[in-house]
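J.: This is the structure, below, for whatever I ask next.
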Amino acid sequence: VRNFLIHAGILQGMLDLRPTLDLDMPDGRCYITCESNGLLEMKVDLGEDVSKGQLLAEVHDVRRTGSEPEAYFSQLDGILTARHAPGLIGFGDSLAVVAEKV
């Protein structure tokens with residue numbers, strides 16, 4: 001946002017330019033789909049590096065308090081590039097996308 005405001009002339013300062021990061025989503029392992037209904041608790045932030053097997057999120061059943069949440073793990077090393085909006089998530093919703101750095 002800061003770079004945009006500088007470019008538009010609203011703020012003064014130098015642009016904070018970062019190197020381009022090339023990403024690839026080679027197969028279905030990149031896409032994590034929710035297999036339950038409940039409240040989504042993300043464990044990783046957008047843009048954060050992730051490792052294969054790392055916990056990405058938990059879905060808590062809102063109808064059964066005290067039950068164990070369903071855990072979702074990364075299937076590959078990469079970077080978290082997309083995630084479901086905070087709040088309720090349903091069966092079949094896209095939970096997260098992990099892309100490989102090229």
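Ordering of the structure tokens sets the chain letters (A, B, ...); residue numbers start at 1 within each chain; ligands are numbered from 1 in the order shown.
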Residues near A:Asp24, anyone? I mean within 10 Å using only C-alpha atoms, not counting same-chain ones fewer than 3 positions away, as a PyMOL selection string.

T.: chain A and resi 27+30+78+98-102

J.: What's the 9 Å shell around A:Asp61, counting only C-alpha atoms, without same-chain residues fewer than 4 positions away, as a list in words?

T.: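 My reading of the contact set: Ser36, Asn37, Gly38, Leu39, Thr65, Gly66, Ser67, Glu68, Pro69 and Glu70 of chain A.
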
J.: Using C-alpha atoms, can you write the selected residues to a file as a short mmCIF file (atom, residue, chain, number, x, y, z; two decimals), in the first residue's frame?

T.:
data_model
loop_
_atom_site.label_atom_id
_atom_site.label_comp_id
_atom_site.auth_asym_id
_atom_site.auth_seq_id
_atom_site.Cartn_x
_atom_site.Cartn_y
_atom_site.Cartn_z
CA SER A 36 -15.59 -30.66 7.20
CA ASN A 37 -17.72 -27.74 8.36
CA GLY A 38 -16.64 -25.42 11.16
CA LEU A 39 -14.57 -22.49 12.32
CA THR A 65 -17.72 -28.21 21.82
CA GLY A 66 -14.70 -30.03 23.18
CA SER A 67 -14.19 -32.18 20.09
CA GLU A 68 -10.75 -32.37 18.49
CA PRO A 69 -10.28 -30.03 15.51
CA GLU A 70 -9.57 -31.45 12.07
#

J.: Give me, as a PDB file with C-alpha atoms, in the first residue's frame, all polymer residues having an atom no more than 12 Å from stretch 84-89 of chain A, counting only C-alpha atoms and skipping those fewer than 6 positions away in the same chain.

T.:
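Written out: selection.pdb:
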ATOM      1  CA  TYR A  31      -4.621 -27.148  -3.239  1.00  0.00           C
ATOM      2  CA  ILE A  32      -6.010 -27.998   0.197  1.00  0.00           C
ATOM      3  CA  THR A  33      -9.781 -28.493   0.268  1.00  0.00           C
ATOM      4  CA  CYS A  34     -11.806 -28.526   3.463  1.00  0.00           C
ATOM      5  CA  GLU A  35     -13.354 -31.882   4.369  1.00  0.00           C
ATOM      6  CA  SER A  36     -15.586 -30.656   7.196  1.00  0.00           C
ATOM      7  CA  ASN A  37     -17.717 -27.736   8.355  1.00  0.00           C
ATOM      8  CA  GLY A  38     -16.644 -25.422  11.159  1.00  0.00           C
ATOM      9  CA  LEU A  39     -14.575 -22.490  12.318  1.00  0.00           C
ATOM     10  CA  LEU A  40     -11.252 -22.053  10.508  1.00  0.00           C
ATOM     11  CA  GLU A  41      -8.097 -21.392  12.536  1.00  0.00           C
ATOM     12  CA  MET A  42      -5.126 -20.697  10.258  1.00  0.00           C
ATOM     13  CA  LYS A  43      -1.692 -21.525  11.680  1.00  0.00           C
ATOM     14  CA  VAL A  44       0.319 -19.891   8.860  1.00  0.00           C
ATOM     15  CA  ASP A  45       0.187 -16.350   7.432  1.00  0.00           C
ATOM     16  CA  LEU A  46       0.004 -15.481   3.734  1.00  0.00           C
ATOM     17  CA  LEU A  56      -1.482 -25.146   8.027  1.00  0.00           C
ATOM     18  CA  ALA A  57      -4.883 -24.946   9.688  1.00  0.00           C
ATOM     19  CA  GLU A  58      -7.408 -26.528  12.007  1.00  0.00           C
ATOM     20  CA  VAL A  59     -11.175 -26.599  11.583  1.00  0.00           C
ATOM     21  CA  HIS A  60     -13.178 -26.613  14.814  1.00  0.00           C
ATOM     22  CA  ASP A  61     -16.642 -28.188  14.824  1.00  0.00           C
ATOM     23  CA  VAL A  62     -19.049 -25.471  15.994  1.00  0.00           C
ATOM     24  CA  LEU A  95      -8.868 -23.881   2.497  1.00  0.00           C
ATOM     25  CA  ALA A  96      -5.377 -22.943   1.284  1.00  0.00           C
ATOM     26  CA  VAL A  97      -2.993 -22.943  -1.682  1.00  0.00           C
TER      27      VAL A  97
END

J.: What is the distance between atom CA of A:Ser51 and atom CA of A:Arg18, in Å to one decimal?

T.: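 Between these atoms lies a distance of 23.0 Å.
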
J.: Select from chain A everything DSSP, run on the backbone, classes as strand (DSSP E or B), then give the selection as number ranges by chain.

T.: A: 23-24, 31-33, 38-42, 49-50, 55-60, 70-73, 78-83, 87-89, 94-101

J.: Restricting the calculation to only C-alpha atoms: of A:Arg63, A:Gly53, A:Phe73, A:Thr81, which residue gets closest to A:Leu23?

T.: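 So, comparing all the options, the nearest one is A:Thr81.
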
J.: Which residue gives the smallest distance to A:Glu48 among A:Ala71, A:Ala82, A:Leu17, A:Val1, with only C-alpha atoms counted?

T.: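 Of all the options, A:Ala82 lies closest to A:Glu48.
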
J.: Report, in Å with one decimal, the straight-line distance from atom CA of A:Asp77 to atom CA of A:Gln54.

T.: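 Taking atom CA of A:Asp77 as the start and atom CA of A:Gln54 as the end point, the length is 8.9 Å.
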
J.: Could you tell me, as number ranges by chain, which residues of chain A DSSP assigns to alpha helix (DSSP H) when given the backbone?

T.: A: 2-7
